[in-house]
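Asks: The file below is query38.tsv, TSV, C-alpha atoms and all ligand atoms:
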chain	number	residue	atom	x	y	z
A	1	MET	CA	-10.26	-5.05	-15.90
A	2	SER	CA	-7.05	-6.82	-14.82
A	3	HIS	CA	-7.11	-9.07	-11.77
A	4	GLU	CA	-5.07	-6.61	-9.71
A	5	LEU	CA	-7.35	-3.72	-10.62
A	6	GLU	CA	-10.35	-5.78	-9.50
A	7	VAL	CA	-8.68	-6.52	-6.15
A	8	GLU	CA	-7.70	-2.87	-5.75
A	9	ALA	CA	-11.28	-1.72	-6.46
A	10	LEU	CA	-12.67	-4.26	-3.97
A	11	PHE	CA	-10.47	-3.01	-1.13
A	12	ASP	CA	-10.88	0.66	-1.98
A	13	GLU	CA	-14.60	0.04	-1.58
A	14	TRP	CA	-14.21	-1.80	1.76
A	15	ALA	CA	-12.01	0.96	3.11
A	16	ILE	CA	-14.49	3.66	2.10
A	17	GLU	CA	-17.51	1.68	3.33
A	18	ASP	CA	-16.55	1.13	6.96
A	19	GLY	CA	-12.79	1.58	7.29
A	20	ALA	CA	-12.37	-2.20	7.19
A	21	VAL	CA	-12.90	-2.07	10.95
A	22	ASP	CA	-14.85	-5.32	11.28
A	23	MET	CA	-12.33	-7.21	9.17
A	24	ALA	CA	-9.45	-5.88	11.23
A	25	ARG	CA	-11.18	-6.78	14.50
A	26	GLU	CA	-11.72	-10.37	13.39
A	27	HIS	CA	-8.17	-10.69	12.09
A	28	TRP	CA	-6.55	-9.19	15.16
A	29	ALA	CA	-7.85	-12.07	17.31
A	30	ARG	CA	-5.67	-14.47	15.30
A	31	VAL	CA	-2.80	-12.10	14.58
A	32	GLU	CA	-2.29	-10.86	18.14
A	33	PRO	CA	-0.89	-14.14	19.55
A	34	VAL	CA	1.63	-14.28	16.70
A	35	LEU	CA	2.82	-10.67	16.86
A	36	SER	CA	2.76	-10.32	20.64
A	37	ALA	CA	5.20	-13.25	20.94
A	38	LEU	CA	7.83	-11.47	18.82
A	39	THR	CA	10.97	-10.14	20.44
A	40	PRO	CA	11.38	-6.36	19.93
A	41	SER	CA	13.82	-5.58	17.14
A	42	GLU	CA	15.94	-2.68	15.94
A	43	GLY	CA	15.91	-4.09	12.41
A	44	TRP	CA	13.65	-3.74	9.37
A	45	TYR	CA	10.00	-4.88	9.16
A	46	LEU	CA	7.91	-5.22	6.02
A	47	GLU	CA	4.15	-5.78	5.92
A	48	ILE	CA	2.50	-6.87	2.69
A	49	GLY	CA	-1.12	-5.65	2.37
A	50	PRO	CA	-1.63	-4.01	5.79
A	51	GLY	CA	-5.26	-3.03	5.05
A	52	ASN	CA	-6.37	-0.48	7.62
A	53	GLY	CA	-3.03	-0.79	9.40
A	54	TYR	CA	-3.95	-2.32	12.77
A	55	ALA	CA	-1.00	-4.74	12.76
A	56	LEU	CA	1.36	-2.20	11.20
A	57	GLU	CA	0.60	0.23	14.00
A	58	TYR	CA	1.10	-2.44	16.67
A	59	ILE	CA	4.45	-3.42	15.20
A	60	ALA	CA	5.63	0.16	14.69
A	61	ARG	CA	4.75	1.22	18.23
A	62	LEU	CA	5.67	-1.90	20.17
A	63	LYS	CA	7.92	-4.37	18.36
A	64	PHE	CA	9.96	-2.27	15.91
A	65	ALA	CA	9.72	1.04	17.78
A	66	ASN	CA	13.51	1.29	17.48
A	67	GLY	CA	13.61	-0.23	14.02
A	68	ARG	CA	12.33	0.69	10.56
A	69	VAL	CA	8.89	-0.22	9.27
A	70	ARG	CA	7.73	-0.43	5.65
A	71	ALA	CA	4.48	-1.52	4.07
A	72	VAL	CA	3.27	-2.08	0.55
A	73	GLU	CA	-0.49	-1.85	-0.01
A	74	LEU	CA	-2.37	-2.20	-3.30
A	75	SER	CA	-5.37	-0.07	-2.33
A	76	GLN	CA	-4.82	3.69	-2.03
A	77	GLU	CA	-7.80	3.97	0.35
A	78	MET	CA	-6.44	1.25	2.65
A	79	ALA	CA	-2.98	2.83	2.50
A	80	ASN	CA	-4.50	6.16	3.57
A	81	MET	CA	-6.06	4.47	6.60
A	82	SER	CA	-2.79	2.79	7.52
A	83	ALA	CA	-0.94	6.10	7.15
A	84	ALA	CA	-3.42	7.90	9.42
A	85	ARG	CA	-2.70	5.43	12.23
A	86	VAL	CA	1.04	6.00	12.22
A	87	GLN	CA	1.22	9.66	11.17
A	88	ASP	CA	2.95	10.63	14.43
A	89	LEU	CA	5.74	8.07	13.91
A	90	ASP	CA	8.86	8.80	11.89
A	91	ASN	CA	9.99	5.17	11.45
A	92	VAL	CA	7.16	4.11	9.11
A	93	SER	CA	6.82	4.40	5.36
A	94	ILE	CA	3.94	3.05	3.23
A	95	ASP	CA	4.11	2.48	-0.51
A	96	VAL	CA	1.02	2.12	-2.68
A	97	GLY	CA	1.14	-0.58	-5.36
A	98	SER	CA	1.37	-4.31	-5.82
A	99	PHE	CA	3.97	-6.20	-3.81
A	100	LEU	CA	4.82	-8.13	-6.96
A	101	ASN	CA	6.09	-4.94	-8.66
A	102	TRP	CA	7.48	-3.35	-5.52
A	103	HIS	CA	11.14	-2.40	-5.16
A	104	ALA	CA	12.65	-2.52	-1.69
A	105	PRO	CA	14.83	0.43	-0.66
A	106	LYS	CA	18.36	-0.03	-1.96
A	107	ASP	CA	20.51	-2.40	0.10
A	108	VAL	CA	17.72	-3.09	2.60
A	109	LYS	CA	16.95	-6.62	3.77
A	110	PHE	CA	14.15	-7.33	6.23
A	111	ASP	CA	14.35	-9.05	9.61
A	112	LEU	CA	10.62	-9.80	9.52
A	113	ILE	CA	8.14	-9.89	6.65
A	114	PHE	CA	4.53	-10.35	7.72
A	115	SER	CA	1.26	-10.68	5.88
A	116	MET	CA	-2.30	-11.48	7.03
A	117	GLU	CA	-5.02	-12.48	4.58
A	118	VAL	CA	-3.26	-11.33	1.41
A	119	PHE	CA	-1.41	-14.15	-0.35
A	120	TYR	CA	-4.42	-15.84	-1.95
A	121	TYR	CA	-5.11	-12.62	-3.85
A	122	PHE	CA	-1.89	-13.33	-5.75
A	123	GLN	CA	-2.46	-15.33	-8.90
A	124	ASP	CA	1.04	-16.76	-8.48
A	125	ILE	CA	1.55	-17.40	-4.77
A	126	SER	CA	4.89	-19.15	-5.41
A	127	ALA	CA	6.25	-15.98	-7.04
A	128	ALA	CA	5.18	-13.90	-4.03
A	129	ILE	CA	6.81	-16.33	-1.56
A	130	LYS	CA	9.97	-16.35	-3.66
A	131	LYS	CA	10.09	-12.57	-3.81
A	132	ALA	CA	9.47	-12.21	-0.06
A	133	SER	CA	12.12	-14.77	0.86
A	134	GLY	CA	14.63	-12.95	-1.35
A	135	LEU	CA	14.03	-9.77	0.65
A	136	LEU	CA	14.90	-11.38	4.01
A	137	ALA	CA	18.08	-10.58	5.89
A	138	PRO	CA	20.13	-13.62	6.99
A	139	GLY	CA	18.10	-15.24	9.77
A	140	GLY	CA	15.08	-13.06	8.89
A	141	GLU	CA	11.59	-14.53	9.19
A	142	LEU	CA	8.66	-14.73	6.78
A	143	ILE	CA	5.20	-15.15	8.33
A	144	VAL	CA	2.25	-15.66	6.00
A	145	MET	CA	-1.26	-16.03	7.44
A	146	VAL	CA	-4.31	-16.92	5.33
A	147	ASP	CA	-7.93	-17.87	6.00
A	148	TYR	CA	-8.56	-19.03	2.44
A	149	TYR	CA	-6.95	-22.45	1.93
A	150	GLU	CA	-8.19	-25.80	0.70
A	151	GLU	CA	-8.94	-27.37	4.09
A	152	SER	CA	-10.97	-24.38	5.29
A	153	GLU	CA	-14.69	-25.08	4.87
A	154	GLU	CA	-15.78	-21.56	5.91
A	155	SER	CA	-13.93	-19.90	3.07
A	156	ARG	CA	-14.97	-22.28	0.30
A	157	ASP	CA	-17.32	-19.84	-1.49
A	158	TRP	CA	-15.37	-16.61	-0.99
A	159	SER	CA	-14.21	-16.30	-4.58
A	160	GLU	CA	-17.80	-16.43	-5.85
A	161	GLU	CA	-19.08	-14.17	-3.09
A	162	LEU	CA	-16.43	-11.51	-3.74
A	163	GLY	CA	-16.55	-11.86	-7.50
A	164	VAL	CA	-12.75	-12.00	-7.60
A	165	LYS	CA	-10.54	-14.91	-8.56
A	166	LEU	CA	-8.69	-16.25	-5.51
A	167	THR	CA	-5.92	-18.86	-5.39
A	168	ARG	CA	-6.84	-21.81	-3.16
A	169	TRP	CA	-3.85	-23.81	-2.01
A	170	PRO	CA	-3.88	-26.72	0.45
A	171	GLN	CA	-1.81	-26.29	3.61
A	172	SER	CA	0.90	-28.60	2.30
A	173	ARG	CA	1.51	-26.40	-0.72
A	174	TYR	CA	2.36	-23.39	1.48
A	175	LEU	CA	4.72	-25.61	3.47
A	176	ASP	CA	6.40	-26.97	0.34
A	177	ALA	CA	6.68	-23.51	-1.26
A	178	PHE	CA	8.43	-22.12	1.83
A	179	LYS	CA	10.88	-25.02	1.77
A	180	ALA	CA	11.38	-24.79	-2.00
A	181	VAL	CA	12.78	-21.25	-1.69
A	182	GLY	CA	15.26	-22.39	0.95
A	183	LEU	CA	13.52	-21.18	4.10
A	184	GLN	CA	14.47	-23.16	7.18
A	185	GLY	CA	12.66	-24.38	10.29
A	186	VAL	CA	9.38	-24.07	8.41
A	187	THR	CA	6.33	-24.59	10.64
A	188	GLN	CA	2.58	-24.36	10.31
A	189	GLU	CA	-0.21	-23.91	12.81
A	190	ILE	CA	-3.86	-22.98	12.76
A	191	LYS	CA	-4.86	-19.91	14.75
A	192	SER	CA	-8.48	-19.61	15.79
A	193	GLY	CA	-10.55	-16.85	17.33
A	194	GLY	CA	-12.50	-13.79	16.41
A	195	VAL	CA	-15.37	-11.64	17.60
A	196	HIS	CA	-18.24	-12.95	15.44
A	197	GLU	CA	-16.73	-15.24	12.83
A	198	HIS	CA	-14.26	-17.35	14.84
A	199	GLY	CA	-12.25	-18.00	11.71
A	200	LEU	CA	-9.38	-20.42	11.29
A	201	THR	CA	-6.15	-18.96	10.00
A	202	LEU	CA	-3.29	-20.98	8.56
A	203	CYS	CA	0.02	-19.50	9.71
A	204	THR	CA	3.14	-20.62	7.83
A	205	ARG	CA	6.53	-19.32	8.91
A	206	GLY	CA	10.17	-19.95	8.12
A	207	ARG	CA	13.56	-18.29	8.32
A	208	SER	CA	16.22	-17.38	5.86
A	209	PRO	CA	19.48	-19.28	6.55
A	210	SER	CA	21.54	-17.24	9.03
A	211	GLU	CA	24.69	-17.66	6.99
A	212	ILE	CA	25.60	-18.76	3.50
A	213	VAL	CA	26.87	-22.32	3.51
A	214	HIS	CA	29.80	-22.89	1.13
A	215	GLU	CA	30.01	-26.50	0.00
B	301	LIG	C1	-8.29	-9.19	3.22
B	301	LIG	S1	-7.36	-7.69	3.27
B	301	LIG	C2	-6.35	-7.91	4.70
B	301	LIG	C3	-5.83	-6.61	5.26
B	301	LIG	C4	-5.06	-6.74	6.59
B	301	LIG	N1	-3.80	-7.43	6.39
B	301	LIG	C5	-5.88	-7.42	7.61
B	301	LIG	O1	-5.44	-8.40	8.23
B	301	LIG	O2	-7.02	-6.97	7.84
B	301	LIG	C6	-6.17	-7.88	1.94
B	301	LIG	C7	-5.30	-6.65	1.73
B	301	LIG	O3	-4.25	-6.99	0.83
B	301	LIG	C8	-4.11	-5.95	-0.11
B	301	LIG	N2	-3.52	-6.52	-1.34
B	301	LIG	C9	-4.11	-7.38	-2.20
B	301	LIG	N3	-3.29	-7.67	-3.22
B	301	LIG	C10	-2.13	-6.99	-2.98
B	301	LIG	C11	-0.90	-6.85	-3.69
B	301	LIG	N4	-0.71	-7.46	-4.86
B	301	LIG	N5	0.06	-6.07	-3.17
B	301	LIG	C12	-0.14	-5.42	-1.98
B	301	LIG	N6	-1.30	-5.48	-1.28
B	301	LIG	C13	-2.29	-6.26	-1.77
B	301	LIG	C14	-5.53	-5.43	-0.30
B	301	LIG	O4	-5.59	-4.15	-0.87
B	301	LIG	C15	-6.05	-5.47	1.13
B	301	LIG	O5	-5.77	-4.30	1.86
For this file, write the structure as structure tokens.
Ligand SMILES: C[S@@+](CC[C@H](N)C(=O)[O-])C[C@H]1O[C@@H](n2cnc3c(N)ncnc32)[C@H](O)[C@@H]1O
Replies:
Amino acid sequence: MSHELEVEALFDEWAIEDGAVDMAREHWARVEPVLSALTPSEGWYLEIGPGNGYALEYIARLKFANGRVRAVELSQEMANMSAARVQDLDNVSIDVGSFLNWHAPKDVKFDLIFSMEVFYYFQDISAAIKKASGLLAPGGELIVMVDYYEESEESRDWSEELGVKLTRWPQSRYLDAFKAVGLQGVTQEIKSGGVHEHGLTLCTRGRSPSEIVHE
């Protein structure tokens, strides 16, 4: 089985098992301070790997209610759960497949691209960061949050426990990869909190240059 098929099967199973409710509850504690601080926008939002759709719904109802919201989710079962949450909204569209093969709608660039707990499932994280940064509108922001990174003790054994190969980068590598694709004002912080697990999430963010500089 290919790596992506293994990841897809894992998350189909989690979605069917319990709707990924516990995972979402834990993640929301760290995601909420990041998303609630965003200024409402009339632009385009993209979420990579929304899982059961808790953040997608929040964004679509509160922060991009007058904008357009897209998501790309590898697991059909997770995508179904996300879709159920936003079925009454006409500004949301969810595609099923891998972000790495995904094609954005023609001529669309995103004002915000967000992802929580997804990037270490990519075998080539640099390629995913490069692709995401290329989809940003001028001045658009990329926010990548991960719990699985080199400095995180709690997550050390996850790859073995899940039986899926995960990519374990140190914090500095996320920082450098954001800068390497030309993102500006790149920052990192650790978000903590949760209901039972009190996990630590590395949040790396940076913006596309707001205008092209001609030298
Ligand atoms: C740990 S879950 C996190 C879900 C959600 N973002 C959250 O915070 O609870 C990882 C999600 O990323 C999705 N995913 C993994 N690889 C992906 C890929 N290549 N393209 C799109 N989604 C992917 C999985 O199917 C799963 O729903």
Asks: Hey, can I get the axis-aligned box for region 189-192 of chain A? All listed atoms, 8 Å padding on each side, centre and edge lengths in Å to one decimal, as lines of an AutoDock Vina configuration file.
Replies:
center_x = -4.3
center_y = -21.8
center_z = 14.3
size_x = 24.3
size_y = 20.3
size_z = 19.0
Asks: Please measure the separation of CA of Ala104 (chain A) and CA of Cys203 (chain A), giving the value in Å to one decimal.
Replies: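 So the two atoms, CA of Ala104 (chain A) and CA of Cys203 (chain A), lie 24.0 Å apart.
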Asks: Just to confirm, what's the straight-line distance from CA of Lys131 (chain A) to atom C13 of ligand LIG 301 (chain B) in Å (one decimal)?
Replies: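 Going from CA of Lys131 (chain A) over to atom C13 of ligand LIG 301 (chain B), I get 14.0 Å.
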Asks: For a quick check of understanding, using only C-alpha atoms, which of A:Arg156, A:Arg30, A:Asp12, A:Leu38 has the smallest distance to Ala79 (chain A)?
Replies: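 Nearest to Ala79 (chain A): A:Asp12.
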Asks: With distances taken over all atoms listed in the file, which residue among A:Glu141, A:Glu117, A:Asp147, A:Glu57 lies nearest ligand LIG 301 (chain B)?
Replies: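 Smallest distance to ligand LIG 301 (chain B) is found for A:Glu117.
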